[in-house]
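Structure first, then comments.
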Amino acid sequence: MLAVDVDGKGDLSAALGSRYLGFKPHLAQQRVSVIAMDAQQSFQEYLHIYFKVPAITRLTPLKRVFDFIATAVPGPRDMLVVGKIAYEERRREPDGRPVWDLIVVDSAASGHVVSHLSAARSMLTLVRGGVIRSQVEWIDALIRDPERTTAVLCALPEEMPVVEAIELCGRLRSEAGMSIGACFLNRVVTEPVTPAVRRLVDTLVAAEHDETLQKRLGGSPQSIADATRLAQQLYAAGVAEARRLQAKIPAPLVRVPLTAARPGLATARAAADAIAGQAT
């Protein structure tokens, strides 16, 4: 599997237990490699693969032409991002098997991901023929094929992230022609506060002036009551926002439990276990 970090900040590598931050695939875990996107390196790789332009080439006429296309015309720089991912999807072993059985992309924020994924469709209006046209058509077909490519949305159980996820779903379908495979609702409190717990907390608060109780608890039980109330509020918010997502997004909703662990491999494994548990 290949994991692609589009923003190139290293968050994805850290989640996979690696500090690697580079453009070449790097093995982060068993059978899981990671790369960080870099538009300039992607551009150099594209020139070398398809036009045999050496990476050390500088002020040649061909290089200036492609620099103009990549910087002055809207869309091509986004194409460098999605084009690199499409190239990795197309790579094959000598025996014809795909190099990667699965490619997972940690995309840019919702304000940029649509421009990345719709770049090929936009480029089709600019490039009328030739090898670039055929490449753009192939990338656009890859993005729009639900058997090969699907988008997975992410949201938090709060009003604004949920609104953004719903809007992004509509834009991806209408502007990029993508299918939506699932929506992850992250950092969800999955268990409600039971009536028995509430009764116990109420009993403790009622007896908060009992010196023996305070001594055994190490302080006032009011903090326990506040934590219980917060947990119930977070649970209720998660339920309400999950219903909104299910009503507006035509894809399965996966709840990822809130965890107190620091971001990293342990958190990634906990999230993976929660997702696997809902899939079975």
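Going by the structure tokens order, chains are called A, B, ..., each with residues numbered from 1, while ligands are numbered from 1 in the order shown.
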| request: Might you pull out every residue within 12 Å of Ala151 (chain A), with only C-alpha atoms counted and same-chain residues fewer than 4 positions away left off, and present them as JSON, numbers by chain? | output: {"A": [103, 104, 105, 106, 107, 110, 113, 114, 117, 143, 144, 145, 146, 147, 165, 168, 169, 170, 171, 172, 173, 176, 177, 178, 179, 180, 181, 182, 183, 184, 249, 250, 251, 252]}
Hey, can you spit out that residue selection with N, CA and C atoms as a compact mmCIF listing (two decimals), in the first residue's frame?
# COMPACT_ATOMS: atom_id res chain seq x y z
N ILE A 103 -3.79 2.68 -2.90
CA ILE A 103 -3.18 4.00 -2.68
C ILE A 103 -4.16 4.82 -1.85
N VAL A 104 -3.72 5.28 -0.70
CA VAL A 104 -4.54 6.12 0.17
C VAL A 104 -3.91 7.51 0.20
N VAL A 105 -4.70 8.52 -0.10
CA VAL A 105 -4.20 9.88 -0.21
C VAL A 105 -4.78 10.73 0.91
N ASP A 106 -3.88 11.30 1.72
CA ASP A 106 -4.29 12.31 2.71
C ASP A 106 -4.32 13.64 1.98
N SER A 107 -5.50 14.02 1.53
CA SER A 107 -5.62 15.16 0.61
C SER A 107 -5.45 16.49 1.32
N SER A 110 -10.32 21.02 2.44
CA SER A 110 -11.46 21.06 1.51
C SER A 110 -11.40 22.24 0.55
N VAL A 113 -8.76 20.65 -2.20
CA VAL A 113 -8.85 19.30 -2.77
C VAL A 113 -9.71 19.27 -4.02
N VAL A 114 -10.75 20.11 -4.08
CA VAL A 114 -11.60 20.10 -5.27
C VAL A 114 -10.83 20.59 -6.48
N LEU A 117 -8.65 17.74 -7.71
CA LEU A 117 -9.35 16.63 -8.35
C LEU A 117 -10.09 17.05 -9.62
N ILE A 143 -10.04 9.40 -12.15
CA ILE A 143 -10.70 10.07 -11.03
C ILE A 143 -12.20 9.79 -11.03
N ARG A 144 -12.79 9.72 -12.21
CA ARG A 144 -14.25 9.58 -12.34
C ARG A 144 -14.71 8.12 -12.32
N ASP A 145 -13.79 7.18 -12.27
CA ASP A 145 -14.15 5.77 -12.27
C ASP A 145 -14.38 5.29 -10.83
N PRO A 146 -15.62 5.01 -10.43
CA PRO A 146 -15.88 4.62 -9.04
C PRO A 146 -15.30 3.27 -8.67
N GLU A 147 -14.91 2.47 -9.66
CA GLU A 147 -14.30 1.18 -9.38
C GLU A 147 -12.82 1.32 -9.02
N ALA A 165 -18.15 19.30 5.38
CA ALA A 165 -18.13 17.96 4.79
C ALA A 165 -19.30 17.77 3.84
N LEU A 168 -18.54 19.80 0.73
CA LEU A 168 -17.47 19.16 -0.03
C LEU A 168 -18.01 17.95 -0.79
N CYS A 169 -18.88 17.21 -0.18
CA CYS A 169 -19.49 16.06 -0.86
C CYS A 169 -20.18 16.50 -2.15
N GLY A 170 -20.97 17.56 -2.08
CA GLY A 170 -21.65 18.05 -3.27
C GLY A 170 -20.69 18.53 -4.34
N ARG A 171 -19.63 19.23 -3.93
CA ARG A 171 -18.67 19.75 -4.91
C ARG A 171 -17.86 18.64 -5.57
N LEU A 172 -17.46 17.65 -4.80
CA LEU A 172 -16.70 16.55 -5.38
C LEU A 172 -17.53 15.80 -6.41
N ARG A 173 -18.79 15.63 -6.14
CA ARG A 173 -19.65 14.91 -7.07
C ARG A 173 -19.95 15.74 -8.32
N ALA A 176 -15.91 17.42 -9.72
CA ALA A 176 -14.85 16.46 -10.04
C ALA A 176 -15.40 15.13 -10.54
N GLY A 177 -16.71 14.93 -10.43
CA GLY A 177 -17.31 13.69 -10.90
C GLY A 177 -16.92 12.47 -10.09
N MET A 178 -16.63 12.67 -8.80
CA MET A 178 -16.14 11.57 -7.97
C MET A 178 -17.27 10.91 -7.21
N SER A 179 -17.08 9.63 -6.91
CA SER A 179 -17.98 8.93 -6.01
C SER A 179 -17.50 9.12 -4.58
N ILE A 180 -18.42 9.00 -3.63
CA ILE A 180 -18.10 9.13 -2.21
C ILE A 180 -18.23 7.75 -1.58
N GLY A 181 -17.11 7.25 -1.06
CA GLY A 181 -17.10 5.90 -0.53
C GLY A 181 -17.54 5.79 0.92
N ALA A 182 -17.24 6.81 1.72
CA ALA A 182 -17.58 6.77 3.14
C ALA A 182 -17.34 8.15 3.74
N CYS A 183 -17.84 8.33 4.94
CA CYS A 183 -17.56 9.56 5.71
C CYS A 183 -17.15 9.14 7.11
N PHE A 184 -15.98 9.61 7.53
CA PHE A 184 -15.49 9.33 8.87
C PHE A 184 -15.85 10.49 9.80
N ILE A 249 -25.25 12.88 3.14
CA ILE A 249 -24.15 12.26 2.39
C ILE A 249 -24.52 10.82 2.04
N PRO A 250 -24.61 10.50 0.76
CA PRO A 250 -25.03 9.16 0.34
C PRO A 250 -23.89 8.14 0.41
N ALA A 251 -23.41 7.90 1.62
CA ALA A 251 -22.31 6.96 1.82
C ALA A 251 -22.33 6.49 3.27
N PRO A 252 -21.75 5.34 3.57
CA PRO A 252 -21.71 4.85 4.95
C PRO A 252 -20.98 5.82 5.87
| task | Write out as a ChimeraX atom specification all residues of region 61-151 of chain A that DSSP puts in strand (DSSP E or B) for this structure's backbone. | result | /A:92,98,103-106,151
| task | Tell me, as a PyMOL selection string, which residues lie within 9 Å of region 118-134 of chain A, counting only C-alpha atoms; anything in the same chain fewer than 6 positions away does not count. | result | chain A and resi 50+74-79+82-83+140+143+172+175-177
Save the residues we just selected, C-alpha atoms, as a CSV table (one decimal), in the first residue's frame?
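The new file out33.csv reads:
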chain,number,residue,atom,x,y,z
A,50,TYR,CA,7.6,11.6,-20.8
A,74,PRO,CA,-4.5,27.8,-14.1
A,75,GLY,CA,-4.7,24.2,-13.3
A,76,PRO,CA,-1.4,22.6,-14.3
A,77,ARG,CA,0.2,22.9,-10.9
A,78,ASP,CA,-2.7,21.0,-9.4
A,79,MET,CA,-2.3,18.5,-12.2
A,82,VAL,CA,-2.9,14.4,-9.0
A,83,GLY,CA,-0.8,13.4,-12.0
A,140,ASP,CA,-9.7,12.4,-15.6
A,143,ILE,CA,-10.7,10.1,-11.0
A,172,LEU,CA,-16.7,16.6,-5.4
A,175,GLU,CA,-17.2,19.4,-10.1
A,176,ALA,CA,-14.9,16.5,-10.0
A,177,GLY,CA,-17.3,13.7,-10.9
Near Arg90 (chain A), counting only C-alpha atoms, which residues have an atom at most 10 Å away, once you skip same-chain residues fewer than 6 positions from it, shown as a short mmCIF file (atom, residue, chain, number, x, y, z; two decimals) with N, CA and C atoms, in the first residue's frame?
data_model
loop_
_atom_site.label_atom_id
_atom_site.label_comp_id
_atom_site.auth_asym_id
_atom_site.auth_seq_id
_atom_site.Cartn_x
_atom_site.Cartn_y
_atom_site.Cartn_z
N LYS A 84 0.97 12.84 -10.34
CA LYS A 84 1.93 11.97 -9.68
C LYS A 84 1.22 10.77 -9.05
N PRO A 98 0.23 -4.72 -10.36
CA PRO A 98 0.40 -3.34 -9.89
C PRO A 98 1.46 -3.26 -8.79
N VAL A 99 2.25 -2.19 -8.83
CA VAL A 99 3.23 -1.98 -7.76
C VAL A 99 2.53 -1.80 -6.42
N TRP A 100 1.39 -1.09 -6.44
CA TRP A 100 0.64 -0.83 -5.21
C TRP A 100 -0.74 -1.47 -5.31
N LEU A 142 -9.61 8.18 -14.66
CA LEU A 142 -9.26 7.49 -13.42
C LEU A 142 -10.01 8.08 -12.24
#
Neighbouring residues of Leu245 (chain A) were defined as those with any atom within 8 Å, considering only C-alpha atoms; residues of the same chain fewer than 5 positions away were excluded. Please report them as a PDB file with C-alpha atoms, in the first residue's frame.
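That gives us part.pdb:
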ATOM      1  CA  VAL A 162     -20.103  18.848   9.351  1.00  0.00           C
ATOM      2  CA  ILE A 166     -21.636  18.142   3.331  1.00  0.00           C
ATOM      3  CA  LEU A 253     -20.845   6.756   8.113  1.00  0.00           C
TER       4      LEU A 253
END
| task | Within 12 Å of Gly8 (chain A), counting only C-alpha atoms, which residues show up once you throw out same-chain ones fewer than 5 positions away? Write them as a PyMOL selection string, please. | result | chain A and resi 3+13-14+19-23+34-39+81+105-108
Now that the selection is made, can you save its residues with N, CA and C atoms as a PDB file, in the first residue's frame?
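Result written to out.pdb:
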ATOM      1  N   ALA A   3       0.812   5.334   0.936  1.00  0.00           N
ATOM      2  CA  ALA A   3       0.135   6.447   1.586  1.00  0.00           C
ATOM      3  C   ALA A   3       0.766   7.745   1.100  1.00  0.00           C
ATOM      4  N   SER A  13       3.216  10.608   7.851  1.00  0.00           N
ATOM      5  CA  SER A  13       4.355   9.772   8.226  1.00  0.00           C
ATOM      6  C   SER A  13       4.373   9.522   9.731  1.00  0.00           C
ATOM      7  N   ALA A  14       4.107  10.564  10.506  1.00  0.00           N
ATOM      8  CA  ALA A  14       4.092  10.415  11.963  1.00  0.00           C
ATOM      9  C   ALA A  14       3.004   9.445  12.404  1.00  0.00           C
ATOM     10  N   ARG A  19       9.428   9.122  10.557  1.00  0.00           N
ATOM     11  CA  ARG A  19       9.783  10.540  10.472  1.00  0.00           C
ATOM     12  C   ARG A  19      10.132  10.946   9.046  1.00  0.00           C
ATOM     13  N   TYR A  20       9.962  10.037   8.112  1.00  0.00           N
ATOM     14  CA  TYR A  20      10.352  10.300   6.721  1.00  0.00           C
ATOM     15  C   TYR A  20       9.460  11.360   6.102  1.00  0.00           C
ATOM     16  N   LEU A  21      10.077  12.261   5.353  1.00  0.00           N
ATOM     17  CA  LEU A  21       9.339  13.294   4.638  1.00  0.00           C
ATOM     18  C   LEU A  21      10.043  13.511   3.298  1.00  0.00           C
ATOM     19  N   GLY A  22       9.646  12.733   2.294  1.00  0.00           N
ATOM     20  CA  GLY A  22      10.320  12.814   1.014  1.00  0.00           C
ATOM     21  C   GLY A  22       9.430  12.403  -0.136  1.00  0.00           C
ATOM     22  N   PHE A  23       9.923  12.660  -1.360  1.00  0.00           N
ATOM     23  CA  PHE A  23       9.141  12.452  -2.568  1.00  0.00           C
ATOM     24  C   PHE A  23       9.208  11.009  -3.059  1.00  0.00           C
ATOM     25  N   VAL A  34       5.204   5.356   2.252  1.00  0.00           N
ATOM     26  CA  VAL A  34       4.668   6.709   2.342  1.00  0.00           C
ATOM     27  C   VAL A  34       5.514   7.646   1.494  1.00  0.00           C
ATOM     28  N   ILE A  35       4.853   8.631   0.870  1.00  0.00           N
ATOM     29  CA  ILE A  35       5.556   9.702   0.167  1.00  0.00           C
ATOM     30  C   ILE A  35       4.905  11.029   0.528  1.00  0.00           C
ATOM     31  N   ALA A  36       5.677  12.090   0.409  1.00  0.00           N
ATOM     32  CA  ALA A  36       5.170  13.445   0.605  1.00  0.00           C
ATOM     33  C   ALA A  36       5.226  14.166  -0.744  1.00  0.00           C
ATOM     34  N   MET A  37       4.148  14.798  -1.133  1.00  0.00           N
ATOM     35  CA  MET A  37       4.083  15.436  -2.434  1.00  0.00           C
ATOM     36  C   MET A  37       4.946  16.693  -2.481  1.00  0.00           C
ATOM     37  N   ASP A  38       5.561  16.911  -3.643  1.00  0.00           N
ATOM     38  CA  ASP A  38       6.338  18.110  -3.910  1.00  0.00           C
ATOM     39  C   ASP A  38       6.121  18.453  -5.375  1.00  0.00           C
ATOM     40  N   ALA A  39       5.462  19.573  -5.653  1.00  0.00           N
ATOM     41  CA  ALA A  39       5.081  19.907  -7.024  1.00  0.00           C
ATOM     42  C   ALA A  39       6.286  20.059  -7.939  1.00  0.00           C
ATOM     43  N   VAL A  81       0.147  17.434  -8.900  1.00  0.00           N
ATOM     44  CA  VAL A  81      -0.149  16.676  -7.689  1.00  0.00           C
ATOM     45  C   VAL A  81      -0.935  15.418  -8.033  1.00  0.00           C
ATOM     46  N   VAL A 105      -4.704   8.518  -0.095  1.00  0.00           N
ATOM     47  CA  VAL A 105      -4.198   9.885  -0.210  1.00  0.00           C
ATOM     48  C   VAL A 105      -4.775  10.735   0.913  1.00  0.00           C
ATOM     49  N   ASP A 106      -3.884  11.304   1.721  1.00  0.00           N
ATOM     50  CA  ASP A 106      -4.295  12.305   2.709  1.00  0.00           C
ATOM     51  C   ASP A 106      -4.321  13.638   1.980  1.00  0.00           C
ATOM     52  N   SER A 107      -5.502  14.025   1.526  1.00  0.00           N
ATOM     53  CA  SER A 107      -5.623  15.158   0.611  1.00  0.00           C
ATOM     54  C   SER A 107      -5.446  16.493   1.317  1.00  0.00           C
ATOM     55  N   ALA A 108      -5.399  17.538   0.496  1.00  0.00           N
ATOM     56  CA  ALA A 108      -5.359  18.893   1.027  1.00  0.00           C
ATOM     57  C   ALA A 108      -6.698  19.226   1.682  1.00  0.00           C
TER      58      ALA A 108
END
| request: Could you tell me, as a PyMOL selection string, which residues of region 55-220 of chain A DSSP assigns to alpha helix (DSSP H) when given the backbone? | output: chain A and resi 61-72+76-90+110-117+119-123+130-144+159-175+195-206+211-217
| Spatial neighbours of Glu211 (chain A), 10 Å, only C-alpha atoms, chain gap at least 6 places, as a list in words |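 In the requested form, the answer reads Leu217, Gly219 and Ser220 of chain A.
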